[in-house]
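Containing compact mmCIF, C-alpha atoms: final34.txt.
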# COMPACT_ATOMS: atom_id res chain seq x y z
CA MET A 1 0.00 0.00 0.00
CA SER A 2 1.14 3.55 -0.70
CA PHE A 3 -0.19 7.10 -0.36
CA LEU A 4 -0.68 9.61 -3.17
CA TYR A 5 -0.52 12.60 -0.78
CA PRO A 6 1.58 11.40 2.18
CA GLU A 7 2.11 14.96 3.45
CA TYR A 8 -1.33 14.83 5.10
CA LEU A 9 -0.12 12.01 7.34
CA ALA A 10 2.20 14.48 9.10
CA LEU A 11 -0.90 16.16 10.57
CA ILE A 12 -1.61 12.99 12.57
CA LEU A 13 1.50 13.53 14.74
CA PRO A 14 0.17 16.57 16.69
CA ILE A 15 -3.10 14.68 17.29
CA ILE A 16 -1.20 11.76 18.83
CA ILE A 17 0.90 14.14 20.96
CA TYR A 18 -2.29 15.85 22.17
CA ALA A 19 -3.85 12.49 23.04
CA LEU A 20 -0.77 11.38 25.02
CA GLN A 21 -0.63 14.61 27.02
CA ASN A 22 -4.25 14.36 28.20
CA SER A 23 -5.97 11.87 30.45
CA PHE A 24 -7.97 9.13 28.79
CA ARG A 25 -11.57 10.08 27.99
CA LEU A 26 -13.35 7.74 25.61
CA LYS A 27 -15.47 10.39 23.84
CA ILE A 28 -12.48 12.66 23.16
CA TYR A 29 -10.36 9.75 21.95
CA MET A 30 -13.15 8.62 19.61
CA HIS A 31 -13.34 12.12 18.10
CA LEU A 32 -9.56 12.14 17.62
CA LEU A 33 -9.80 8.75 15.96
CA VAL A 34 -12.42 10.10 13.54
CA LEU A 35 -10.08 12.97 12.67
CA ILE A 36 -7.15 10.56 12.12
CA PHE A 37 -9.14 8.38 9.73
CA MET A 38 -10.27 11.48 7.81
CA LEU A 39 -6.64 12.58 7.43
CA ILE A 40 -5.73 9.11 6.19
CA SER A 41 -8.51 9.43 3.61
CA LEU A 42 -7.11 12.78 2.47
CA SER A 43 -3.70 11.15 1.98
CA ARG A 44 -5.34 8.86 -0.64
CA PRO A 45 -4.19 5.34 0.33
CA VAL A 46 -3.97 3.04 -2.70
CA LEU A 47 -3.03 -0.51 -3.57
CA ASP A 48 -0.59 -0.60 -6.49
CA LEU A 49 -1.91 -3.05 -9.08
CA TYR A 50 0.36 -2.88 -12.10
CA GLU A 51 2.38 -0.58 -14.32
CA GLN A 52 1.87 -0.45 -18.06
CA ASP A 53 3.30 1.31 -21.08
CA THR A 54 0.61 3.27 -22.93
CA ALA A 55 1.27 4.11 -26.57
CA LEU A 56 0.49 7.73 -27.46
CA LYS A 57 0.49 9.29 -30.89
CA GLY A 58 2.19 12.63 -30.61
CA ARG A 59 5.47 14.43 -30.99
CA ASP A 60 8.59 14.55 -28.87
CA ILE A 61 9.30 18.27 -28.54
CA VAL A 62 11.92 20.35 -26.76
CA ILE A 63 10.86 23.99 -26.29
CA ALA A 64 13.71 26.41 -25.58
CA LEU A 65 12.31 29.71 -24.28
CA ASP A 66 14.39 32.87 -24.23
CA ILE A 67 13.88 34.72 -20.92
CA SER A 68 16.55 37.38 -21.48
CA TYR A 69 15.84 41.03 -20.63
CA SER A 70 15.14 41.95 -24.25
CA MET A 71 12.07 39.70 -24.13
CA GLN A 72 10.41 42.48 -22.10
CA ALA A 73 10.17 44.62 -25.27
CA ASP A 74 6.55 45.38 -26.15
CA ASP A 75 6.59 45.28 -29.97
CA LEU A 76 4.46 42.12 -29.43
CA LYS A 77 1.62 42.63 -26.96
CA PRO A 78 1.73 42.64 -24.02
CA ASN A 79 5.45 41.92 -24.47
CA ARG A 80 7.60 39.29 -26.20
CA TYR A 81 7.85 37.05 -23.14
CA GLU A 82 4.10 37.01 -22.41
CA PHE A 83 3.43 36.43 -26.11
CA ALA A 84 5.77 33.42 -25.99
CA LYS A 85 3.98 32.01 -22.92
CA ASP A 86 0.60 32.36 -24.65
CA PHE A 87 2.06 30.69 -27.75
CA ILE A 88 3.27 27.69 -25.72
CA GLN A 89 -0.08 27.36 -23.96
CA GLU A 90 -2.07 27.45 -27.19
CA LEU A 91 0.26 24.98 -28.93
CA LEU A 92 -0.02 22.49 -26.06
CA ASN A 93 -3.79 22.87 -25.80
CA LYS A 94 -4.08 21.95 -29.47
CA ASN A 95 -1.80 18.93 -29.06
CA PRO A 96 -2.56 17.26 -25.70
CA ASN A 97 -0.55 14.10 -26.52
CA ASP A 98 2.74 15.84 -27.34
CA ASN A 99 5.64 14.93 -25.04
CA ILE A 100 7.16 18.27 -24.02
CA MET A 101 10.48 19.24 -22.43
CA LEU A 102 10.72 22.94 -21.48
CA ILE A 103 14.02 24.78 -21.09
CA ALA A 104 14.39 28.48 -20.24
CA PHE A 105 17.65 30.19 -21.13
CA THR A 106 19.61 33.42 -20.98
CA THR A 107 23.41 33.02 -21.01
CA ASN A 108 22.78 29.84 -18.96
CA GLN A 109 19.97 27.29 -19.08
CA LEU A 110 17.24 26.25 -16.66
CA LEU A 111 15.24 23.03 -17.06
CA LEU A 112 11.66 24.02 -16.17
CA SER A 113 10.11 20.65 -17.01
CA PRO A 114 11.50 17.24 -18.01
CA PRO A 115 9.67 15.42 -20.85
CA THR A 116 6.01 15.06 -19.91
CA THR A 117 2.55 14.76 -21.45
CA ASP A 118 1.06 16.42 -18.36
CA HIS A 119 0.91 19.91 -19.81
CA GLN A 120 -0.56 21.38 -16.63
CA LEU A 121 2.88 20.92 -15.03
CA ILE A 122 4.43 23.02 -17.79
CA PHE A 123 1.82 25.77 -17.38
CA ARG A 124 2.48 25.84 -13.64
CA ALA A 125 6.24 26.01 -14.15
CA LEU A 126 5.85 28.97 -16.51
CA ASP A 127 3.46 30.67 -14.13
CA ALA A 128 5.84 30.20 -11.20
CA LEU A 129 8.93 31.54 -12.99
CA ASP A 130 9.89 34.94 -11.53
CA LEU A 131 12.08 36.88 -13.96
CA ASN A 132 13.15 39.23 -11.16
CA ASN A 133 15.25 36.38 -9.76
CA ILE A 134 17.18 35.99 -13.01
CA LEU A 135 20.53 37.80 -12.79
CA THR A 136 21.93 36.71 -16.16
CA LYS A 137 19.91 38.76 -18.62
CA GLY A 138 21.79 38.34 -21.91
CA THR A 139 21.26 35.68 -24.59
CA SER A 140 23.64 32.88 -25.56
CA LEU A 141 22.40 30.53 -28.29
CA LYS A 142 25.84 28.91 -28.33
CA SER A 143 25.60 27.92 -24.67
CA LEU A 144 22.04 26.66 -25.23
CA PHE A 145 22.99 24.54 -28.25
CA LEU A 146 25.94 22.97 -26.43
CA LYS A 147 23.63 22.05 -23.57
CA LEU A 148 21.03 20.57 -25.93
CA ILE A 149 23.46 18.28 -27.74
CA SER A 150 24.83 17.11 -24.37
CA MET A 151 21.26 15.98 -23.56
CA ASP A 152 21.05 13.95 -26.82
CA ILE A 153 17.89 15.31 -28.47
CA SER A 154 18.58 13.71 -31.85
CA ASP A 155 15.12 12.06 -31.87
CA LYS A 156 13.23 15.20 -30.79
CA ASN A 157 11.79 18.29 -32.45
CA LEU A 158 13.33 21.56 -31.25
CA ILE A 159 11.26 24.74 -31.02
CA LEU A 160 13.44 27.77 -30.35
CA ILE A 161 11.54 30.85 -29.12
CA THR A 162 13.77 33.92 -29.05
CA ASP A 163 14.51 37.39 -30.40
CA GLY A 164 18.10 36.34 -31.07
CA GLY A 165 19.86 38.65 -28.64
CA ASP A 166 23.29 39.86 -29.77
CA GLU A 167 24.51 36.60 -31.34
CA LYS A 168 26.77 37.17 -34.37
CA ASP A 169 28.59 33.98 -35.39
CA VAL A 170 26.06 31.93 -37.38
CA ASP A 171 28.73 29.54 -38.68
CA GLU A 172 29.63 28.45 -35.15
CA LEU A 173 25.97 27.92 -34.23
CA VAL A 174 25.33 25.81 -37.35
CA ASP A 175 28.40 23.67 -36.69
CA ILE A 176 27.22 22.95 -33.13
CA LEU A 177 23.59 22.05 -33.81
CA ASP A 178 23.54 20.70 -37.36
CA GLY A 179 22.31 17.08 -37.43
CA HIS A 180 21.66 16.87 -33.68
CA THR A 181 17.87 17.22 -33.77
CA LYS A 182 15.00 15.61 -35.66
CA SER A 183 13.68 19.00 -36.81
CA ILE A 184 14.13 22.64 -35.84
CA SER A 185 11.57 25.43 -35.74
CA ILE A 186 12.42 29.01 -34.84
CA LEU A 187 9.75 31.40 -33.55
CA ALA A 188 11.36 34.79 -34.06
CA LEU A 189 9.94 37.48 -31.78
CA GLY A 190 10.15 41.21 -32.47
CA ASP A 191 10.60 43.26 -35.61
CA ALA A 192 13.34 45.07 -37.51
CA SER A 193 12.33 48.54 -36.28
CA GLY A 194 12.79 47.43 -32.69
CA SER A 195 11.30 48.56 -29.41
CA THR A 196 12.35 50.16 -26.16
CA ILE A 197 12.47 48.07 -22.98
CA LYS A 198 10.54 49.17 -19.91
CA GLU A 199 12.15 48.56 -16.52
CA SER A 200 10.32 47.59 -13.33
CA ASP A 201 9.99 51.23 -12.24
CA SER A 202 8.33 52.06 -15.63
CA THR A 203 11.38 53.97 -16.89
CA MET A 204 13.01 53.04 -20.19
CA LEU A 205 16.22 50.99 -20.17
CA LYS A 206 19.33 52.98 -21.06
CA ASP A 207 22.92 51.93 -21.71
CA ALA A 208 25.99 53.11 -19.80
CA ASP A 209 26.13 56.30 -21.90
CA GLY A 210 22.53 57.22 -21.13
CA ASN A 211 21.16 56.27 -24.54
CA LEU A 212 17.85 54.43 -24.88
CA VAL A 213 18.29 50.71 -25.57
CA ILE A 214 16.41 49.62 -28.69
CA SER A 215 15.89 45.87 -28.99
CA ARG A 216 15.47 44.57 -32.54
CA ILE A 217 14.98 41.07 -33.87
CA ASN A 218 18.34 39.57 -34.76
CA PRO A 219 18.57 38.91 -38.55
CA LEU A 220 20.91 36.04 -37.69
CA LEU A 221 17.82 33.95 -36.87
CA GLN A 222 16.62 33.97 -40.48
CA GLU A 223 20.08 32.98 -41.74
CA LEU A 224 20.37 30.30 -39.06
CA ALA A 225 17.02 28.83 -40.12
CA ASN A 226 18.11 28.75 -43.78
CA ARG A 227 21.41 27.06 -42.97
CA LEU A 228 19.80 24.44 -40.71
CA ASP A 229 16.82 23.89 -43.03
CA ALA A 230 14.59 24.94 -40.11
CA ASN A 231 11.04 26.28 -40.03
CA TYR A 232 11.23 30.07 -39.59
CA ILE A 233 8.10 31.71 -38.18
CA LYS A 234 7.69 35.33 -37.13
CA GLY A 235 5.60 36.06 -34.06
CA SER A 236 1.98 36.79 -35.01
CA LYS A 237 -1.56 35.71 -34.08
CA ASP A 238 -1.28 32.85 -36.61
CA SER A 239 2.08 31.53 -35.37
CA VAL A 240 0.62 28.47 -33.63
CA ASP A 241 -1.39 27.33 -36.66
CA ILE A 242 1.58 27.83 -38.98
CA LEU A 243 3.97 25.87 -36.76
CA ASP A 244 1.42 23.13 -36.05
CA LYS A 245 1.00 22.46 -39.78
CA LYS A 246 4.75 22.35 -40.35
CA LEU A 247 5.20 19.82 -37.54
CA GLN A 248 2.13 17.71 -38.39
CA LYS A 249 4.01 15.12 -40.45
CA SER A 250 6.29 14.21 -37.54
CA ASP A 251 3.53 12.49 -35.50
CA GLU A 252 4.82 9.20 -34.11
CA LEU A 253 4.15 6.68 -31.37
CA PHE A 254 5.92 7.02 -28.04
CA TYR A 255 5.28 5.23 -24.77
CA LYS A 256 4.27 6.61 -21.41
CA LYS A 257 4.33 4.61 -18.17
CA GLU A 258 1.01 4.57 -16.33
CA HIS A 259 0.43 3.30 -12.80
CA ASN A 260 -2.83 1.51 -12.11
CA TYR A 261 -4.01 1.29 -8.55
CA PHE A 262 -7.07 0.62 -6.42
CA GLU A 263 -8.32 3.45 -4.17
CA LEU A 264 -8.73 2.69 -0.44
CA TYR A 265 -9.81 6.12 0.83
CA GLN A 266 -13.45 4.93 0.85
CA VAL A 267 -12.58 2.37 3.54
CA THR A 268 -11.00 4.83 5.98
CA LEU A 269 -13.72 7.40 5.28
CA LEU A 270 -16.36 4.77 6.00
CA ILE A 271 -14.69 3.91 9.33
CA ALA A 272 -14.61 7.62 10.25
CA MET A 273 -18.33 7.96 9.45
CA VAL A 274 -19.25 4.85 11.46
CA LEU A 275 -17.35 6.15 14.51
CA PHE A 276 -18.95 9.59 14.13
CA PHE A 277 -22.46 8.14 13.95
CA MET A 278 -21.76 5.90 16.94
CA LEU A 279 -20.93 9.02 18.94
CA HIS A 280 -23.74 11.30 17.82
CA THR A 281 -26.65 9.13 16.60
CA LYS A 282 -29.12 7.15 18.68
CA TRP A 283 -30.95 5.65 15.74
CA VAL A 284 -29.18 3.06 13.66
CA LYS A 285 -31.34 3.85 10.65
CA TYR A 286 -29.45 7.10 10.05
CA LEU A 287 -26.24 5.14 9.91
CA PHE A 288 -27.65 2.86 7.23
CA ILE A 289 -28.87 5.88 5.24
CA ALA A 290 -25.38 7.36 5.36
CA LEU A 291 -23.79 4.07 4.32
CA ALA A 292 -26.24 3.71 1.42
CA PHE A 293 -25.44 7.24 0.25
CA LEU A 294 -21.70 6.53 0.48
CA SER A 295 -22.03 3.31 -1.51
CA ILE A 296 -23.90 5.20 -4.26
CA ASN A 297 -21.09 7.77 -4.47
CA ILE A 298 -18.43 5.06 -4.51
CA GLU A 299 -20.24 3.28 -7.35
CA ALA A 300 -20.64 6.55 -9.26
CA SER A 301 -16.95 7.37 -8.75
CA SER A 302 -15.91 3.95 -10.06
CA LEU A 303 -18.25 4.34 -13.04
CA GLU A 304 -16.87 7.76 -13.89
CA SER A 305 -13.30 6.44 -13.66
CA GLU A 306 -14.04 3.69 -16.19
CA ILE A 307 -15.75 6.10 -18.59
CA ILE A 308 -12.85 8.56 -18.37
CA LYS A 309 -10.41 5.72 -19.12
CA ALA A 310 -12.45 4.63 -22.15
CA ASN A 311 -12.73 8.21 -23.43
CA LYS A 312 -8.96 8.55 -23.11
CA TYR A 313 -8.37 5.45 -25.24
CA TYR A 314 -10.87 6.77 -27.82
CA LYS A 315 -9.05 10.11 -27.96
CA GLN A 316 -5.78 8.23 -28.54
CA LYS A 317 -7.52 6.33 -31.38
CA ASP A 318 -7.15 3.01 -29.56
CA TYR A 319 -10.73 2.09 -30.43
CA GLU A 320 -10.48 -1.60 -29.47
CA LYS A 321 -9.54 -0.84 -25.87
CA ALA A 322 -12.15 1.92 -25.64
CA LEU A 323 -14.86 -0.37 -27.02
CA LYS A 324 -13.97 -3.15 -24.58
CA ILE A 325 -14.49 -0.80 -21.63
CA TYR A 326 -17.67 0.84 -22.99
CA ILE A 327 -19.32 -2.56 -23.46
CA SER A 328 -18.20 -3.85 -20.04
CA ILE A 329 -19.77 -0.96 -18.09
CA LYS A 330 -23.06 -1.90 -16.41
CA THR A 331 -25.51 0.79 -15.35
CA THR A 332 -29.24 1.30 -14.81
CA SER A 333 -29.12 4.98 -15.79
CA PRO A 334 -30.79 5.53 -19.21
CA THR A 335 -28.67 8.66 -19.78
CA ILE A 336 -25.38 6.88 -19.21
CA LYS A 337 -26.52 3.79 -21.10
CA GLN A 338 -27.49 5.89 -24.15
CA ALA A 339 -24.07 7.56 -24.18
CA LEU A 340 -22.30 4.20 -23.81
CA TYR A 341 -24.26 2.78 -26.76
CA TYR A 342 -23.40 5.87 -28.79
CA ASN A 343 -19.68 5.72 -27.93
CA SER A 344 -19.57 1.96 -28.63
CA ALA A 345 -21.17 2.56 -32.03
CA ASN A 346 -18.51 5.17 -32.81
CA CYS A 347 -15.78 2.66 -31.92
CA PHE A 348 -17.34 0.01 -34.17
CA ALA A 349 -17.56 2.54 -37.00
CA MET A 350 -13.93 3.63 -36.60
CA LEU A 351 -12.88 -0.04 -36.67
CA GLY A 352 -14.84 -0.59 -39.90
CA ASN A 353 -17.46 -2.83 -38.28
CA TYR A 354 -20.45 -0.95 -39.69
CA ALA A 355 -23.00 -3.71 -39.03
CA ASP A 356 -22.49 -3.58 -35.25
CA ALA A 357 -22.19 0.20 -35.39
CA LYS A 358 -25.70 0.41 -36.89
CA VAL A 359 -27.07 -1.83 -34.14
CA PHE A 360 -25.58 0.29 -31.36
CA TYR A 361 -26.65 3.59 -32.94
CA ALA A 362 -30.19 2.14 -33.08
CA LYS A 363 -30.00 1.14 -29.39
CA SER A 364 -28.81 4.66 -28.55
CA LEU A 365 -31.72 6.24 -30.46
CA GLN A 366 -34.21 3.99 -28.67
CA LEU A 367 -33.20 5.60 -25.40
CA LEU A 368 -32.82 9.17 -26.64
CA ASP A 369 -33.60 11.02 -29.86
CA ASP A 370 -30.05 12.27 -30.39
CA LYS A 371 -29.08 14.30 -33.47
CA ASP A 372 -25.42 13.15 -33.35
CA ALA A 373 -26.43 9.49 -33.37
CA LYS A 374 -28.80 10.13 -36.29
CA PHE A 375 -26.07 11.95 -38.22
CA ASN A 376 -23.51 9.17 -37.68
CA LEU A 377 -26.02 6.44 -38.53
CA LYS A 378 -26.77 8.24 -41.78
CA GLN A 379 -23.04 8.38 -42.61
CA ILE A 380 -22.61 4.59 -42.37
CA ALA A 381 -26.09 3.43 -43.35
CA LEU A 382 -25.07 2.06 -46.76
CA LYS A 383 -21.52 1.01 -45.92
CA GLU A 384 -20.39 -2.59 -45.72
CA ASN A 385 -17.92 -3.90 -43.17
CA LYS A 386 -14.41 -2.81 -44.10
CA LYS A 387 -11.65 -0.57 -42.85
CA PRO A 388 -12.74 3.06 -43.19
CA LYS A 389 -10.81 5.09 -45.74
CA ASP A 390 -10.97 8.25 -43.67
CA ASP A 391 -9.85 8.96 -40.13
CA GLY A 392 -13.35 9.40 -38.81
CA LYS A 393 -13.70 13.11 -39.42
CA THR A 394 -17.17 12.55 -40.92
CA LEU A 395 -18.43 11.16 -37.60
CA GLN A 396 -19.57 13.23 -34.66
CA THR A 397 -17.21 12.62 -31.76
CA SER A 398 -17.84 10.46 -28.72
CA LYS A 399 -19.71 11.99 -25.82
CA GLN A 400 -17.72 12.89 -22.72
CA ASN A 401 -18.86 12.26 -19.15
CA SER A 402 -19.22 15.36 -17.01
CA SER A 403 -20.08 13.95 -13.57
CA ALA A 404 -20.18 10.80 -11.48
CA LYS A 405 -23.90 10.51 -12.16
CA GLY A 406 -23.13 10.07 -15.82
CA ASP A 407 -24.52 13.29 -17.25
CA PHE A 408 -23.12 13.70 -20.75
CA LYS A 409 -22.72 16.82 -22.86
CA LYS A 410 -25.31 16.92 -25.61
CA ASP A 411 -23.13 18.51 -28.20
CA SER A 412 -19.89 17.14 -29.59
CA LYS A 413 -17.96 20.38 -29.95
CA LYS A 414 -14.34 20.59 -28.95
CA GLN A 415 -14.02 21.22 -25.22
CA ASN A 416 -12.42 24.44 -24.06
CA ASN A 417 -9.09 23.61 -22.48
CA ASN A 418 -8.48 27.15 -21.25
CA SER A 419 -10.68 26.65 -18.20
CA LYS A 420 -8.55 23.66 -17.18
CA VAL A 421 -5.44 25.76 -17.54
CA GLN A 422 -6.92 28.52 -15.38
CA ASP A 423 -7.94 26.01 -12.71
CA SER A 424 -4.47 24.50 -12.69
CA LYS A 425 -2.57 27.77 -12.24
CA GLN A 426 -1.86 27.42 -8.56
CA LYS A 427 0.84 29.89 -7.61
CA TYR A 428 3.93 28.38 -6.10
CA LYS A 429 7.52 29.49 -5.95
CA ILE A 430 10.44 27.90 -7.69
CA SER A 431 13.22 27.08 -5.26
CA SER A 432 16.07 29.59 -4.97
CA LYS A 433 18.42 26.66 -5.61
CA THR A 434 16.83 26.29 -9.03
CA TYR A 435 17.55 29.91 -9.93
CA GLU A 436 21.18 29.36 -8.96
CA LEU A 437 21.51 27.07 -11.99
CA ILE A 438 20.69 29.81 -14.46
CA ASN A 439 22.60 32.45 -12.48
CA LYS A 440 25.69 30.21 -12.19
CA GLY A 441 28.83 32.02 -13.23
CA TYR A 442 27.00 35.36 -13.23
CA ILE A 443 29.14 38.39 -13.97
CA TYR A 444 28.07 41.97 -14.51
CA GLU A 445 27.30 41.87 -18.19
CA ASN A 446 28.19 44.74 -20.47
CA LYS A 447 24.83 44.47 -22.29
CA PRO A 448 22.33 42.95 -19.86
CA TRP A 449 19.47 42.56 -22.33
This structure in structure tokens:
Amino acid sequence: MSFLYPEYLALILPIIIYALQNSFRLKIYMHLLVLIFMLISLSRPVLDLYEQDTALKGRDIVIALDISYSMQADDLKPNRYEFAKDFIQELLNKNPNDNIMLIAFTTNQLLLSPPTTDHQLIFRALDALDLNNILTKGTSLKSLFLKLISMDISDKNLILITDGGDEKDVDELVDILDGHTKSISILALGDASGSTIKESDSTMLKDADGNLVISRINPLLQELANRLDANYIKGSKDSVDILDKKLQKSDELFYKKEHNYFELYQVTLLIAMVLFFMLHTKWVKYLFIALAFLSINIEASSLESEIIKANKYYKQKDYEKALKIYISIKTTSPTIKQALYYNSANCFAMLGNYADAKVFYAKSLQLLDDKDAKFNLKQIALKENKKPKDDGKTLQTSKQNSSAKGDFKKDSKKQNNNSKVQDSKQKYKISSKTYELINKGYIYENKPW
């Protein structure tokens, strides 16, 4: 057995100390025991079942983000750095299966996130990064490239997001990076006319002679892209769509380890409730009502978990696994049953088994007059069993579960991922030790921008 959130177990210690320092009183000890079991529930005890490799169709991508001082220039709104963050967020929202490594760099490099498909971790890392703690404010593509090849990214796609800084030797940069990545894309931020840089006190940055610093996009980036046969994209509102199309052909299968476990928090929560009712309830019937309600919630939670797993397989185009789960789910809810029939029919259709797809669409329509089911049934009505020639774009997508009770969204539009991103942006600070990595070897730079 293990705990998903073991930090909650530390709260049990002061309860035990309190109990030991006071004389024994059964009622007080029972209340403390209830609190202990609730804390154990919060720590999410689980039984590890097995670990499996899940195949995902996506891209292995390394994003190198320039966080030098010149990225504060506002020729892209609100400034180059914020534009780059929005670009990364939109790109990842459009490609949820991409395996992303995120590196921030100035004259040194800082690994913000190792390779992961959990994009919420990347959004949190970006949100937590405090540029005021970065002492090295220049840009060194040479140092970045040397670091990248030391990490062996030959099988990955590199996306370089930068304004280029003051780099001058394109030959040296080409010699370092050429042939060490699967593909290279450069998102060039800024323009040729340049922009002033606003400091934290709202004054404009000036050099040692008192002249205004004007930050312009480095033309070296265009030459570098040509020499490395890289995708060169200038920062604009269409940058994500342009880059996404250029990278589309590099989709491939990679494997992600997934841990499967059985939740035990229901057991400890049940014990806490039984003890509480024993202390405060004279009628046993209320205890049975509470237990019945808990069992309903446990069943609903288990049902939702299975549906989410099946929807995930469907999204990954693993229709056989998704279908197996959809068919195995047992429920008495007409709403859930209709959605399961509909999703199963979609799986059959995507696998080219049109005969069974028609049967399940018909079952779905018997429970609910659904326009998506009618549309999909019409698409396959005259087809014979065979592998579909398309990728399923003519079919309305599978319905997603929205609660433990099995309420499903009626439409099949693409879900808005931005709300998830907003919910996940929990502010936390990056350790000062982490900033030391990027500030290592800091000297007072002649041109700190």
Please, what distance in Å, to one decimal, runs between CA of Met101 (chain A) and CA of Ile63 (chain A)?
6.1 Å
Produce the centre coordinates and the three edge lengths, each in Å to one decimal, of the box along x, y and z that contains all listed atoms of region 137-144 of chain A with 6 Å added on each side, as AutoDock Vina command-line options.
--center_x 22.9 --center_y 32.7 --center_z -23.5 --size_x 17.9 --size_y 24.1 --size_z 21.7
Grab the CA of Lys317 (chain A) to CA of Phe375 (chain A) distance for me, in Å with one decimal place.
20.6 Å
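Distance-wise, CA of Lys147 (chain A) and CA of Ser215 (chain A) end up 25.6 Å apart.
Of the residues listed (A:Thr107, A:Thr203, A:Thr139, A:Ser70), A:Ser70 shows the shortest atom-to-atom separation from Arg216 (chain A); distances use only C-alpha atoms.
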At a cut-off of 7 Å, using only C-alpha atoms, what residues contact Ala104 (chain A)? Leave out same-chain residues fewer than 6 positions from it and give the result as a list in words.
Ala64, Leu65, Asp66, Ile67, Leu110, Leu111 and Leu112 of chain A
Go ahead and write the selection's residues with C-alpha atoms as a PDB file, in the frame of the given file.
ATOM      1  CA  ALA A  64      13.710  26.410 -25.580  1.00  0.00           C
ATOM      2  CA  LEU A  65      12.310  29.710 -24.280  1.00  0.00           C
ATOM      3  CA  ASP A  66      14.390  32.870 -24.230  1.00  0.00           C
ATOM      4  CA  ILE A  67      13.880  34.720 -20.920  1.00  0.00           C
ATOM      5  CA  LEU A 110      17.240  26.250 -16.660  1.00  0.00           C
ATOM      6  CA  LEU A 111      15.240  23.030 -17.060  1.00  0.00           C
ATOM      7  CA  LEU A 112      11.660  24.020 -16.170  1.00  0.00           C
TER       8      LEU A 112
END
Residue list as a VMD selection string for point (-6.4, 13.9, 12.3), cut-off 7 Å, all atoms listed in the file
chain A and resid 11 to 12 15 32 35 to 39
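With distances restricted to all atoms listed in the file, A:Leu177 is the closest residue to Ser143 (chain A) from A:Ala322, A:Leu177, A:Leu47, A:Val274.
For the residues A:Leu76, A:Leu126, A:Met71, A:Leu323, ranking by smallest atom-to-atom distance to Gln89 (chain A) using only C-alpha atoms places A:Leu126 first.
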Give me the residues near Lys321 (chain A) as number ranges by chain, where near means some atom within 10 Å (using all atoms listed in the file) and where sequence neighbours in that chain fewer than 4 positions away do not count.
A: 309-314, 317, 325-326, 347
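Within 10 Å of the point (25.6, 19.6, -33.5) in file coordinates, and counting all atoms listed in the file, lie the residues Phe145, Leu146, Leu148, Ile149, Ser150, Asp152, Ser154, Glu172, Leu173, Val174, Asp175, Ile176, Leu177, Asp178, Gly179, His180 and Thr181 of chain A.
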